[in-house]
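Novice: Structure provided below as C-alpha cells; questions to follow.
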Amino acid sequence: MQPCYRLFLYNRIMSDNIVYSTDPDWVKPCPVCGKSPCGCISPSGKPKQSEPVRISFRRGHKGSGMTMIEKLQMHPAGKEELLKALKKKLGVGGTVKLGALEIQGDHRDFVETELKNRGYKIRRIG
C-alpha cells in the first residue's frame with residue numbers, strides 16, 4: 001500500500017468529531033447544519049435567533065438610499081432566496097454584502113411585516 005493511500009484511508013476512518021471535552025458548557029453540534037449553536041429552523045417552524053434581526057435605512061451620497069437587513073441568522077443560500085423573494089414582491093434591486101441584505105429604497109415597513117410573518121424577531125433602527 002502506498003503511503004498516500006494509507007493517509008487517505010486513515011482520514012476517512014478517523015473523522016474530526018469530538019469524542020471527549022472538558023468544557024462544561026460544550027454543546028454537541030447540530031446533526032443537520034453542523035454548527036454549535038444550531039442555526040436551523042426549529043421543529044415549531046420558527047427560526048432560532050440569539051438576537052433580533054436589525055432593519056435600518058441608510059442613505060448614501062446618491063440615490064434614494066437602501067434598506068439594510070442585518071443579524072439575520074440563516075445559511076447564505078437561504079439569504080439569497082429570501083432576498084430574491086423580497087425583490088420580486090417589491091420590484092426593486094438588491095444584494096447580499098458581508099452577510100447583510102441590501103434592498104434599494106425605503107421598504108422598512110414591508111420588510112418588517114414580511115419577516116414577522118416568517119417568525120423572526122425584529123428590531124427597527126432609525
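Just remember, in the C-alpha cells the first chain shown is A, the second B, etc., residues are 1-based per chain, and ligands are 1-based in the order shown.
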Tell me which protein, DNA and RNA residues are within 8 Å of Arg124 (chain A), counting only C-alpha atoms, leaving out same-chain ones fewer than 4 positions away, and put them as a list in words.

Specialist: Arg54, Ile55 and Ser56 of chain A

Novice: Tell me, as a PDB file with N, CA and C atoms, in the first residue's frame, which residues lie within 10 Å of Leu101 (chain A), counting only C-alpha atoms; anything in the same chain fewer than 6 positions away does not count.

Specialist:
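And here is the file that came out, around_39.pdb:
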ATOM      1  N   ILE A  55     -33.337  46.026  11.180  1.00  0.00           N
ATOM      2  CA  ILE A  55     -33.751  46.638   9.919  1.00  0.00           C
ATOM      3  C   ILE A  55     -33.487  48.133  10.025  1.00  0.00           C
ATOM      4  N   MET A  66     -30.946  52.831   0.870  1.00  0.00           N
ATOM      5  CA  MET A  66     -31.231  51.400   0.845  1.00  0.00           C
ATOM      6  C   MET A  66     -31.683  50.912   2.208  1.00  0.00           C
ATOM      7  N   THR A  67     -32.505  49.876   2.187  1.00  0.00           N
ATOM      8  CA  THR A  67     -32.961  49.214   3.402  1.00  0.00           C
ATOM      9  C   THR A  67     -31.967  48.113   3.716  1.00  0.00           C
ATOM     10  N   MET A  68     -31.446  48.102   4.936  1.00  0.00           N
ATOM     11  CA  MET A  68     -30.457  47.116   5.362  1.00  0.00           C
ATOM     12  C   MET A  68     -31.109  46.119   6.321  1.00  0.00           C
ATOM     13  N   ILE A  69     -30.864  44.835   6.089  1.00  0.00           N
ATOM     14  CA  ILE A  69     -31.328  43.774   6.975  1.00  0.00           C
ATOM     15  C   ILE A  69     -30.089  43.072   7.495  1.00  0.00           C
ATOM     16  N   GLU A  70     -29.823  43.231   8.804  1.00  0.00           N
ATOM     17  CA  GLU A  70     -28.603  42.698   9.404  1.00  0.00           C
ATOM     18  C   GLU A  70     -28.937  41.731  10.543  1.00  0.00           C
ATOM     19  N   LYS A  71     -27.939  40.967  10.959  1.00  0.00           N
ATOM     20  CA  LYS A  71     -28.050  39.993  12.060  1.00  0.00           C
ATOM     21  C   LYS A  71     -29.060  38.893  11.746  1.00  0.00           C
ATOM     22  N   LEU A  72     -29.208  38.563  10.481  1.00  0.00           N
ATOM     23  CA  LEU A  72     -30.119  37.505  10.059  1.00  0.00           C
ATOM     24  C   LEU A  72     -29.359  36.187  10.098  1.00  0.00           C
ATOM     25  N   LYS A  79     -30.331  33.186   2.507  1.00  0.00           N
ATOM     26  CA  LYS A  79     -30.382  34.650   2.400  1.00  0.00           C
ATOM     27  C   LYS A  79     -30.635  35.064   0.954  1.00  0.00           C
ATOM     28  N   GLU A  80     -29.983  34.369   0.022  1.00  0.00           N
ATOM     29  CA  GLU A  80     -30.181  34.676  -1.400  1.00  0.00           C
ATOM     30  C   GLU A  80     -31.632  34.420  -1.807  1.00  0.00           C
ATOM     31  N   LEU A  82     -34.329  34.429   0.196  1.00  0.00           N
ATOM     32  CA  LEU A  82     -35.162  35.443   0.835  1.00  0.00           C
ATOM     33  C   LEU A  82     -35.064  36.763   0.091  1.00  0.00           C
ATOM     34  N   LEU A  83     -33.846  37.162  -0.256  1.00  0.00           N
ATOM     35  CA  LEU A  83     -33.648  38.416  -0.987  1.00  0.00           C
ATOM     36  C   LEU A  83     -34.351  38.367  -2.337  1.00  0.00           C
ATOM     37  N   GLY A  94     -31.416  44.609  -5.303  1.00  0.00           N
ATOM     38  CA  GLY A  94     -30.793  44.409  -4.011  1.00  0.00           C
ATOM     39  C   GLY A  94     -29.654  43.414  -4.109  1.00  0.00           C
ATOM     40  N   THR A  95     -28.917  43.272  -3.013  1.00  0.00           N
ATOM     41  CA  THR A  95     -27.775  42.365  -2.990  1.00  0.00           C
ATOM     42  C   THR A  95     -27.496  41.929  -1.561  1.00  0.00           C
TER      43      THR A  95
END

Novice: What parts of region 36-123 of chain A does DSSP call helix (DSSP H, G or I)? I'd like the answer as a ChimeraX atom specification.

Specialist: /A:76-90,108-117

Novice: Please compute the CA of Lys62 (chain A)-CA of Glu81 (chain A) distance, one decimal, in Å.

Specialist: 27.3 Å

Novice: Go ahead and compute the interatomic distance for CA of Gly65 (chain A) and CA of His107 (chain A), in Å to one decimal.

Specialist: 10.2 Å

Novice: Could you check the closest approach to Gly99 (chain A) for each of A:Gly119, A:Pro76, A:Gly60, A:Pro24 and tell me which residue wins, using only C-alpha atoms?

Specialist: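 Selected residue with least distance to Gly99 (chain A): A:Pro76.
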
Novice: Go through A:Lys97, A:Lys28, A:Lys89, A:Arg59 and flag the residue nearest Glu114 (chain A), using only C-alpha atoms for the distances.

Specialist: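 With only C-alpha atoms as the atom set, the closest residue is A:Lys89.
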